[in-house]
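Peer 1: Here you go, one structure.
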Amino acid sequence: MNQEKLNRVLQEMRHRHMPQLLISDPATIFYLTGVWTEAGERLLTLVLKEDGKHVAVINKLFPLTEAQLGMPVVTVDDTDEGFGMGVLVNQLDTEKPIAVDKNWAAHFLLDLMKRVDKPVDHFAISSTITDDLRAIKSAEEIAKMAAASKDNDQAIAALAALIPDKLTELEMGHRLLDIYKSMGNSGFSFDPIVAYGANGADPHHMNDDSIVRAGDSIILDIGGVKDGYCSDMTRTFFYQTVSDKSRDVYETVLEANLRAIAAVKPGVKFSEIDAAARDYITEKGYGDYFTHRTGHFIGIECHEAGDVSAANHTTVKPGMIFSIEPGIYLPGEVGVRIEDLVVATEDGCNVLNAYPKELTILG
């Protein structure tokens with residue numbers, strides 16, 4: 001257990017009047033303990049209490065110890081009533097409010113609520129605490145994110161070098177996994193997007209057997225996982241030639257990316273950063289074709305709580321890491337997206353990606 005992180009959670013529990021938290025999210029457990037376990041349909045829950053009498057309630061399938069988790073372990077079995085929910089409830093003070101993870105399986109939550117038999121406002125979401133704490137990275141976490149992004153710069157260079165081989169989108173994805181493994185990454189942080197030509201007009205295109213053709217845009221949206229932390233970057237290239245219209249789209253997205261990055265500093269609202277990119281794209285006549293938010297938070301998971309969007313009026317704080325990724329998607333024609341990760345500093349931000357962004361023609 002990372003005592004510093006735990007102390008911050010306990011401080012927020014007292015501040016927000018949440019006397020007991022049930023932590024079941026694998027990424028949050030990893031954040032607190034350094035241990036990653038996917039429990040699936042089984043029970044694996046850290047019970048954090050403001051009085052410090054923490055306990056882990058864990059299915060016997062997972063051989064986790066008190067030494068690993070920093071708290072006593074109570075085991076349950078698949079054959080226990082409610083898959084062990086009765087044991088978990090016995091560890092709680094049912095007269096006090098109970099906060100649970102936002103992603104906890106519904107069958108566990110409903111069983112808990114039935115057993116505790118209290119009004120719905122007796123329960124809360126614990127992730128409001130842990131998400132806020134995870135959003136602000138420590139110096140160690142920032143260093144890990146920077147190292148992961150440095151690898152991603154090298155990975156996208158290696159992948160772009162394969163374009164003249166005219167591999168299918170699916171084949172490119174397969175090659176990318178080998179590239180990450182060769183650099184010591186454990187795998188993808190998300191399924192990579194390789195989108196040729198009109199396929200790029202779908203922001204979340206699923207790779208297929210398409211082969212690149214002259215004049216196509218080539219979107220490479222990729223990320224790996226290194227030392228438990230994610231990278232994520234997008235670059236758009238063109239194959240052999242680029243039309244005047246595609247060039248205009250590219251230059252518009254690039255300027256939007258640069259304007260949004262320039263807007264990042266502590267105290268600025270995320271909605272204002274979104275507007276820096278979105279307003280420029282709208283001014284250039286492509287507003288209807290920028291169909292997603294400008295960015296998302298990232299860390300242990302590729303998409304963490306928090307985003308850069310018109311709906312987020314919270315403000316930037318030093319240590320936050322998020323993406324800046326405006327895009328324009330013209331159906332049946334072309335897609336362009338340019339994405340960087342930035343870390344907010346005391347007076348602005350640092351861009352974690354160093355791979356060039358000027359328009360590049362391959363092949």
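In the structure tokens, chains take the letters A, B, ... in the order shown, each chain's residues start at 1, and ligands count up from 1 in the order shown.
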Within 8 Å of region 228-241 of chain A, which residues of region 53-150 of chain A show up? Give each one with its shortest atom-to-atom distance in Å (one decimal) and the two atoms involved, counting only C-alpha atoms, rows by chain then rising residue number, as a tab-separated table.
Peer 2:
```
residue	atom	partner	partner_atom	distance
A:Glu141	CA	A:Tyr229	CA	7.9
A:Lys144	CA	A:Tyr229	CA	6.5
A:Met145	CA	A:Tyr229	CA	6.0
A:Ala148	CA	A:Ser231	CA	5.4
A:Ser149	CA	A:Ser231	CA	5.2
```
Peer 1: Using backbone DSSP assignments, extract all helix (DSSP H, G or I) residues from region 5-160 of chain A; output them as a ChimeraX atom specification.
Peer 2: /A:5-15,26-33,66-69,81-90,106-116,120-122,127-135,139-160
Peer 1: Save out the residues we just selected, C-alpha atoms, as a PDB file, in the first residue's frame.
Peer 2:
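Result went into part_39.pdb, see below:
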```pdb
ATOM      1  CA  LYS A   5      -1.775   7.977  -1.552  1.00  0.00           C
ATOM      2  CA  LEU A   6      -3.844   6.246   1.121  1.00  0.00           C
ATOM      3  CA  ASN A   7      -3.481   9.252   3.425  1.00  0.00           C
ATOM      4  CA  ARG A   8      -4.754  11.528   0.674  1.00  0.00           C
ATOM      5  CA  VAL A   9      -7.785   9.264   0.205  1.00  0.00           C
ATOM      6  CA  LEU A  10      -8.489   9.263   3.962  1.00  0.00           C
ATOM      7  CA  GLN A  11      -8.200  13.040   4.092  1.00  0.00           C
ATOM      8  CA  GLU A  12     -10.746  13.383   1.295  1.00  0.00           C
ATOM      9  CA  MET A  13     -13.032  10.822   2.940  1.00  0.00           C
ATOM     10  CA  ARG A  14     -13.199  12.999   6.046  1.00  0.00           C
ATOM     11  CA  HIS A  15     -13.620  16.168   4.000  1.00  0.00           C
ATOM     12  CA  PRO A  26      -8.530  -2.747 -10.750  1.00  0.00           C
ATOM     13  CA  ALA A  27      -6.847   0.501 -11.842  1.00  0.00           C
ATOM     14  CA  THR A  28      -7.588   2.218  -8.529  1.00  0.00           C
ATOM     15  CA  ILE A  29      -6.394  -0.788  -6.545  1.00  0.00           C
ATOM     16  CA  PHE A  30      -3.191  -0.684  -8.621  1.00  0.00           C
ATOM     17  CA  TYR A  31      -2.875   3.054  -7.935  1.00  0.00           C
ATOM     18  CA  LEU A  32      -3.041   2.440  -4.188  1.00  0.00           C
ATOM     19  CA  THR A  33      -1.162  -0.853  -3.854  1.00  0.00           C
ATOM     20  CA  GLU A  66      -1.737  -8.682   3.681  1.00  0.00           C
ATOM     21  CA  ALA A  67       1.873  -7.826   2.840  1.00  0.00           C
ATOM     22  CA  GLN A  68       0.917  -7.001  -0.758  1.00  0.00           C
ATOM     23  CA  LEU A  69      -2.199  -4.982   0.055  1.00  0.00           C
ATOM     24  CA  GLU A  81     -23.953 -16.989  -0.149  1.00  0.00           C
ATOM     25  CA  GLY A  82     -24.105 -14.073  -2.574  1.00  0.00           C
ATOM     26  CA  PHE A  83     -20.588 -14.904  -3.767  1.00  0.00           C
ATOM     27  CA  GLY A  84     -19.300 -13.587  -0.440  1.00  0.00           C
ATOM     28  CA  MET A  85     -21.465 -10.489  -0.095  1.00  0.00           C
ATOM     29  CA  GLY A  86     -22.601 -11.546   3.371  1.00  0.00           C
ATOM     30  CA  VAL A  87     -18.960 -11.621   4.486  1.00  0.00           C
ATOM     31  CA  LEU A  88     -18.359  -8.162   3.004  1.00  0.00           C
ATOM     32  CA  VAL A  89     -21.386  -6.666   4.735  1.00  0.00           C
ATOM     33  CA  ASN A  90     -20.114  -8.027   8.065  1.00  0.00           C
ATOM     34  CA  ALA A 106     -24.687  -4.178 -10.537  1.00  0.00           C
ATOM     35  CA  HIS A 107     -25.410  -7.576  -8.955  1.00  0.00           C
ATOM     36  CA  PHE A 108     -22.987  -6.786  -6.110  1.00  0.00           C
ATOM     37  CA  LEU A 109     -24.404  -3.302  -5.578  1.00  0.00           C
ATOM     38  CA  LEU A 110     -28.041  -4.427  -5.595  1.00  0.00           C
ATOM     39  CA  ASP A 111     -27.268  -7.282  -3.198  1.00  0.00           C
ATOM     40  CA  LEU A 112     -25.432  -4.863  -0.878  1.00  0.00           C
ATOM     41  CA  MET A 113     -28.325  -2.392  -0.896  1.00  0.00           C
ATOM     42  CA  LYS A 114     -30.813  -5.176  -0.156  1.00  0.00           C
ATOM     43  CA  ARG A 115     -28.770  -6.518   2.759  1.00  0.00           C
ATOM     44  CA  VAL A 116     -28.061  -3.104   4.287  1.00  0.00           C
ATOM     45  CA  VAL A 120     -30.735   5.102  -1.522  1.00  0.00           C
ATOM     46  CA  ASP A 121     -29.077   8.290  -0.209  1.00  0.00           C
ATOM     47  CA  HIS A 122     -27.238   6.087   2.327  1.00  0.00           C
ATOM     48  CA  SER A 127     -14.817   7.182  -7.353  1.00  0.00           C
ATOM     49  CA  THR A 128     -15.377  10.920  -6.951  1.00  0.00           C
ATOM     50  CA  ILE A 129     -12.513  10.787  -4.446  1.00  0.00           C
ATOM     51  CA  THR A 130     -10.133   8.410  -6.189  1.00  0.00           C
ATOM     52  CA  ASP A 131     -10.702   9.859  -9.663  1.00  0.00           C
ATOM     53  CA  ASP A 132      -9.846  13.360  -8.456  1.00  0.00           C
ATOM     54  CA  LEU A 133      -6.668  12.138  -6.762  1.00  0.00           C
ATOM     55  CA  ARG A 134      -5.584  10.046  -9.760  1.00  0.00           C
ATOM     56  CA  ALA A 135      -6.063  13.047 -12.055  1.00  0.00           C
ATOM     57  CA  ALA A 139       6.543  13.450 -10.185  1.00  0.00           C
ATOM     58  CA  GLU A 140       7.125   9.691 -10.436  1.00  0.00           C
ATOM     59  CA  GLU A 141       3.954   9.185 -12.454  1.00  0.00           C
ATOM     60  CA  ILE A 142       4.811  12.079 -14.788  1.00  0.00           C
ATOM     61  CA  ALA A 143       8.229  10.536 -15.407  1.00  0.00           C
ATOM     62  CA  LYS A 144       6.612   7.201 -16.277  1.00  0.00           C
ATOM     63  CA  MET A 145       4.135   8.889 -18.625  1.00  0.00           C
ATOM     64  CA  ALA A 146       6.982  10.765 -20.322  1.00  0.00           C
ATOM     65  CA  ALA A 147       8.923   7.515 -20.801  1.00  0.00           C
ATOM     66  CA  ALA A 148       5.850   5.808 -22.261  1.00  0.00           C
ATOM     67  CA  SER A 149       5.322   8.714 -24.675  1.00  0.00           C
ATOM     68  CA  LYS A 150       8.966   8.634 -25.723  1.00  0.00           C
ATOM     69  CA  ASP A 151       8.487   4.994 -26.685  1.00  0.00           C
ATOM     70  CA  ASN A 152       5.327   5.965 -28.548  1.00  0.00           C
ATOM     71  CA  ASP A 153       7.279   8.504 -30.617  1.00  0.00           C
ATOM     72  CA  GLN A 154       9.587   5.684 -31.683  1.00  0.00           C
ATOM     73  CA  ALA A 155       6.687   3.307 -32.279  1.00  0.00           C
ATOM     74  CA  ILE A 156       4.853   5.647 -34.638  1.00  0.00           C
ATOM     75  CA  ALA A 157       8.076   6.289 -36.563  1.00  0.00           C
ATOM     76  CA  ALA A 158       8.577   2.534 -37.000  1.00  0.00           C
ATOM     77  CA  LEU A 159       4.947   2.057 -38.038  1.00  0.00           C
ATOM     78  CA  ALA A 160       5.011   4.930 -40.539  1.00  0.00           C
TER      79      ALA A 160
END
```
Peer 1: Set the distance at 8 Å and use only C-alpha atoms: which residues neighbour Thr294 (chain A) once local chain neighbours fewer than 3 positions away are removed? I'd like the list as a PyMOL selection string.
Peer 2: chain A and resi 274+277-278+307-309+323-326
Peer 1: To test your reading of the structure, identify every residue in region 13-129 of chain A that backbone DSSP assigns to strand (DSSP E), and report it as a PyMOL selection string.
Peer 2: chain A and resi 20-23+44-49+55-59+73-76+98-100+123-125
Peer 1: May I have the selected residues written with N, CA, C and O atoms, as a tab-separated table (two decimals), in the first residue's frame?
Peer 2:
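The file below, part-v9.tsv, is the result:
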```tsv
chain	number	residue	atom	x	y	z
A	20	GLN	N	-16.66	5.24	4.86
A	20	GLN	CA	-16.17	3.94	4.38
A	20	GLN	C	-16.32	3.84	2.88
A	20	GLN	O	-17.36	4.18	2.31
A	21	LEU	N	-15.24	3.40	2.25
A	21	LEU	CA	-15.20	3.29	0.78
A	21	LEU	C	-14.96	1.84	0.38
A	21	LEU	O	-14.11	1.15	0.97
A	22	LEU	N	-15.70	1.39	-0.62
A	22	LEU	CA	-15.46	0.07	-1.21
A	22	LEU	C	-14.75	0.29	-2.54
A	22	LEU	O	-15.33	0.85	-3.47
A	23	ILE	N	-13.50	-0.16	-2.63
A	23	ILE	CA	-12.69	0.03	-3.83
A	23	ILE	C	-12.56	-1.31	-4.54
A	23	ILE	O	-11.94	-2.25	-4.01
A	44	LEU	N	-13.64	-8.85	-5.17
A	44	LEU	CA	-12.31	-8.40	-4.77
A	44	LEU	C	-12.46	-6.92	-4.43
A	44	LEU	O	-12.53	-6.07	-5.30
A	45	THR	N	-12.52	-6.63	-3.14
A	45	THR	CA	-12.86	-5.28	-2.69
A	45	THR	C	-11.98	-4.85	-1.52
A	45	THR	O	-11.82	-5.61	-0.55
A	46	LEU	N	-11.42	-3.66	-1.62
A	46	LEU	CA	-10.74	-3.05	-0.49
A	46	LEU	C	-11.77	-2.21	0.27
A	46	LEU	O	-12.45	-1.37	-0.33
A	47	VAL	N	-11.88	-2.44	1.54
A	47	VAL	CA	-12.78	-1.65	2.39
A	47	VAL	C	-11.91	-0.65	3.16
A	47	VAL	O	-11.16	-1.04	4.06
A	48	LEU	N	-11.99	0.61	2.78
A	48	LEU	CA	-11.22	1.67	3.45
A	48	LEU	C	-12.12	2.39	4.43
A	48	LEU	O	-13.24	2.78	4.09
A	49	LYS	N	-11.62	2.57	5.66
A	49	LYS	CA	-12.41	3.21	6.70
A	49	LYS	C	-11.66	4.40	7.28
A	49	LYS	O	-10.43	4.35	7.45
A	55	VAL	N	-9.76	-3.39	5.52
A	55	VAL	CA	-9.74	-4.83	5.29
A	55	VAL	C	-10.00	-5.10	3.81
A	55	VAL	O	-10.72	-4.33	3.15
A	56	ALA	N	-9.40	-6.15	3.29
A	56	ALA	CA	-9.64	-6.57	1.91
A	56	ALA	C	-10.49	-7.84	1.94
A	56	ALA	O	-10.15	-8.80	2.64
A	57	VAL	N	-11.60	-7.83	1.20
A	57	VAL	CA	-12.46	-9.01	1.08
A	57	VAL	C	-12.26	-9.56	-0.33
A	57	VAL	O	-12.63	-8.90	-1.31
A	58	ILE	N	-11.69	-10.77	-0.40
A	58	ILE	CA	-11.17	-11.27	-1.68
A	58	ILE	C	-11.56	-12.73	-1.89
A	58	ILE	O	-11.46	-13.55	-0.97
A	59	ASN	N	-11.96	-13.05	-3.10
A	59	ASN	CA	-12.21	-14.44	-3.46
A	59	ASN	C	-10.91	-15.24	-3.34
A	59	ASN	O	-9.83	-14.76	-3.70
A	73	VAL	N	-6.60	-9.51	5.19
A	73	VAL	CA	-7.35	-10.10	4.09
A	73	VAL	C	-8.36	-11.10	4.65
A	73	VAL	O	-8.02	-11.98	5.45
A	74	VAL	N	-9.60	-10.95	4.22
A	74	VAL	CA	-10.67	-11.91	4.54
A	74	VAL	C	-11.07	-12.57	3.22
A	74	VAL	O	-11.38	-11.87	2.25
A	75	THR	N	-11.04	-13.90	3.18
A	75	THR	CA	-11.33	-14.59	1.92
A	75	THR	C	-12.77	-15.10	1.88
A	75	THR	O	-13.38	-15.40	2.90
A	76	VAL	N	-13.27	-15.16	0.65
A	76	VAL	CA	-14.60	-15.73	0.39
A	76	VAL	C	-14.45	-16.77	-0.71
A	76	VAL	O	-13.40	-16.87	-1.37
A	98	ILE	N	-22.18	4.43	2.94
A	98	ILE	CA	-21.29	3.51	2.24
A	98	ILE	C	-21.08	4.03	0.82
A	98	ILE	O	-22.04	4.30	0.11
A	99	ALA	N	-19.82	4.17	0.43
A	99	ALA	CA	-19.49	4.64	-0.92
A	99	ALA	C	-18.87	3.49	-1.71
A	99	ALA	O	-18.00	2.77	-1.20
A	100	VAL	N	-19.31	3.32	-2.96
A	100	VAL	CA	-18.84	2.21	-3.80
A	100	VAL	C	-18.28	2.75	-5.12
A	100	VAL	O	-18.60	3.87	-5.55
A	123	PHE	N	-26.09	5.58	0.23
A	123	PHE	CA	-25.00	5.10	-0.61
A	123	PHE	C	-24.49	6.24	-1.49
A	123	PHE	O	-25.22	7.15	-1.84
A	124	ALA	N	-23.21	6.16	-1.85
A	124	ALA	CA	-22.59	7.19	-2.68
A	124	ALA	C	-21.56	6.54	-3.59
A	124	ALA	O	-21.30	5.34	-3.50
A	125	ILE	N	-20.98	7.35	-4.46
A	125	ILE	CA	-19.94	6.88	-5.38
A	125	ILE	C	-18.57	7.26	-4.82
A	125	ILE	O	-18.26	8.44	-4.65
```
Peer 1: Extract, using only C-alpha atoms, all DNA, RNA and protein residues at most 9 Å from region 186-192 of chain A, discarding same-chain residues fewer than 6 positions from it, and format them as a list in words.
Peer 2: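 Here the qualifying residues turn out to be Gly173, Leu176, Leu177, Asp178, Tyr180, Met206, Asn207, Leu220, Asp221, Ile222, Gly223, Gly224, Val225, Lys226, Asp227, Gly228, Tyr229, Cys230, Ser231, Asp232, Glu301 and Cys302 of chain A.
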Peer 1: Given only C-alpha atoms as the basis, pick out the residue of A:Ile328, A:Met320, A:Ala263, A:Ala305 nearest to Gly287 (chain A).
Peer 2: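 Of the candidates, the smallest distance to Gly287 (chain A) is held by A:Ile328.
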Peer 1: I'd like the neighbourhood of region 210-217 of chain A as a PyMOL selection string, where a residue qualifies if any of its atoms comes within 12 Å (using only C-alpha atoms), though same-chain residues fewer than 3 positions away should be ignored.
Peer 2: chain A and resi 162-172+194-201+205-207+220+235-247+249-250+328-330+332-337+359-363
